[in-house]
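Quick notes on the structure that follows.
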Amino acid sequence: MTSDGKRRVDLDTIDRRLLIELLRDSRVSLRRLSEEMNVSPATLHNRLTKLVQEGVIKGFTALVDYTKLGYSLSAIIMVKVNGKYLVEFEREIANTDNIVAVYDVVGEYDVVLIAKFRSVEDLDVFLKQLLKNSKVERTYTSIVLNAVKEDPRVKI
């Protein structure tokens, strides 16, 4: 068990290699991987199914360069929330279109939001709307000048 009560999944060599290859390219065929790994396609399929069922793999998605879609502004928004509304606020804000990450943190602020916007004006509208929320006590926003690294994949 991990500190948050979730069961830790131990990976063997095959599971680890499968995950590494899927992180590199989630469109790769199991047949091709089975040849490279010298494991049957059925074995890889069963391993993949098990990793999905255990929640290790939460989904398959594309890595998108949002700047090419016009989302050229990234913001890190720290939010101080009235304590009794913290979980409710986090659930609500997590469903907001521009929000890509919501972190429950300790310190002066309670929540850190990572968000993407097309313009400073869009960020301004978002922040003003956020500050109208009665659960929010105050915010602190930083605008990202240059994303040196932005990749949700962790080397395993």
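Ligands are numbered from 1 in the order shown, chains are lettered A, B, ... in the order of the structure tokens, and residues start at 1 in each chain.
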
(request) Any chance you could list, as a VMD selection string, the residues in chain A that come up strand (DSSP E or B) when DSSP is run on the backbone? (result) chain A and resid 73 to 81 99 to 104 111 to 117 136 to 143

(message) Give me the residues near A:Phe60 as number ranges by chain, where near means some atom within 12 Å (using only C-alpha atoms) and where sequence neighbours in that chain fewer than 6 positions away do not count.
(response) A: 19, 22-28, 48, 52

(message) What's around A:Leu130 at 12 Å? Count only C-alpha atoms, leave out sequence neighbours fewer than 3 positions away in its own chain, and write the answer as a list in words.
(response)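 So, after excluding close chain neighbours, the residues are Ile77, Met78, Val79, Lys80, Val81, Phe89, Glu92, Ile93, Thr96, Leu113, Leu123, Asp124, Val125, Phe126, Leu127, Asn133, Ser134, Lys135, Val136, Glu137, Arg138, Thr139, Tyr140 and Thr141 of chain A.
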
File of the preceding selection, N, CA and C atoms, as a compact mmCIF listing (two decimals), in the first residue's frame:
# COMPACT_ATOMS: atom_id res chain seq x y z
N ILE A 77 -1.71 28.91 -11.37
CA ILE A 77 -2.60 29.69 -10.51
C ILE A 77 -2.70 29.00 -9.15
N MET A 78 -2.27 29.71 -8.12
CA MET A 78 -2.39 29.17 -6.76
C MET A 78 -3.66 29.78 -6.14
N VAL A 79 -4.42 28.93 -5.48
CA VAL A 79 -5.72 29.36 -4.96
C VAL A 79 -5.82 29.04 -3.48
N LYS A 80 -6.21 30.04 -2.70
CA LYS A 80 -6.53 29.86 -1.28
C LYS A 80 -8.04 29.68 -1.23
N VAL A 81 -8.46 28.54 -0.68
CA VAL A 81 -9.88 28.18 -0.67
C VAL A 81 -10.37 28.10 0.77
N PHE A 89 -14.57 22.54 -4.29
CA PHE A 89 -13.95 23.45 -5.24
C PHE A 89 -13.06 22.69 -6.22
N GLU A 92 -15.11 20.88 -8.83
CA GLU A 92 -15.70 21.82 -9.78
C GLU A 92 -14.66 22.34 -10.77
N ILE A 93 -13.53 22.80 -10.26
CA ILE A 93 -12.52 23.44 -11.11
C ILE A 93 -11.88 22.42 -12.04
N THR A 96 -13.25 22.32 -15.55
CA THR A 96 -13.17 23.54 -16.35
C THR A 96 -12.28 23.28 -17.57
N LEU A 113 -3.36 25.25 -9.80
CA LEU A 113 -3.97 24.95 -11.09
C LEU A 113 -2.95 25.21 -12.19
N LEU A 123 -7.27 34.68 -20.04
CA LEU A 123 -6.81 34.46 -18.65
C LEU A 123 -7.48 35.46 -17.72
N ASP A 124 -7.55 36.70 -18.13
CA ASP A 124 -8.17 37.75 -17.31
C ASP A 124 -9.63 37.42 -17.01
N VAL A 125 -10.37 36.99 -18.02
CA VAL A 125 -11.78 36.62 -17.83
C VAL A 125 -11.87 35.43 -16.86
N PHE A 126 -10.99 34.45 -17.04
CA PHE A 126 -10.99 33.27 -16.16
C PHE A 126 -10.74 33.67 -14.72
N LEU A 127 -9.71 34.49 -14.49
CA LEU A 127 -9.35 34.90 -13.12
C LEU A 127 -10.47 35.70 -12.46
N ASN A 133 -16.06 33.37 -7.26
CA ASN A 133 -16.46 32.16 -6.56
C ASN A 133 -16.31 32.39 -5.05
N SER A 134 -17.40 32.21 -4.32
CA SER A 134 -17.40 32.48 -2.87
C SER A 134 -16.49 31.52 -2.09
N LYS A 135 -16.12 30.40 -2.69
CA LYS A 135 -15.22 29.45 -2.02
C LYS A 135 -13.77 29.90 -2.08
N VAL A 136 -13.46 30.82 -3.00
CA VAL A 136 -12.09 31.28 -3.21
C VAL A 136 -11.82 32.52 -2.36
N GLU A 137 -10.76 32.46 -1.57
CA GLU A 137 -10.38 33.61 -0.75
C GLU A 137 -9.42 34.53 -1.50
N ARG A 138 -8.43 33.95 -2.20
CA ARG A 138 -7.50 34.76 -2.99
C ARG A 138 -6.74 33.85 -3.95
N THR A 139 -6.08 34.48 -4.92
CA THR A 139 -5.28 33.73 -5.89
C THR A 139 -3.93 34.42 -6.09
N TYR A 140 -3.00 33.66 -6.63
CA TYR A 140 -1.69 34.18 -7.02
C TYR A 140 -1.36 33.50 -8.34
N THR A 141 -1.13 34.30 -9.37
CA THR A 141 -0.95 33.75 -10.72
C THR A 141 0.43 34.08 -11.26

(request) Just give me the gap between atom CA of A:Ile14 and atom CA of A:Ala62 in Å, one decimal is fine. (result) 23.3 Å

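Closest approach to A:Asp65 among A:Ile156, A:Ala147, A:Met37, A:Ile99: A:Ala147, based on only C-alpha atoms.
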
(message) Quick check, in Å to one decimal: how far apart do atom CA of A:Thr13 and atom CA of A:Lys149 lie?
(response) 27.9 Å

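The nearest approach to A:Ala101 among the residues A:Ala75, A:Ile143, A:Leu86, A:Ala42, with only C-alpha atoms taken into account, belongs to A:Ala75.
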
(message) I need the residues in stretch 5-151 of chain A that are helix (DSSP H, G or I) according to DSSP; give them as a ChimeraX atom specification.
(response) /A:13-24,30-37,41-53,66-69,83-94,120-132

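Put simply, atom CA of A:Leu73 is 10.7 Å away from atom CA of A:Asn98.
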
(request) Counting only C-alpha atoms, figure out which residue out of A:Val56, A:Ala115, A:Leu33, A:Asn82 gets nearest to A:Asn95. (result)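 The shortest atom-to-atom distance to A:Asn95 comes from A:Ala115.
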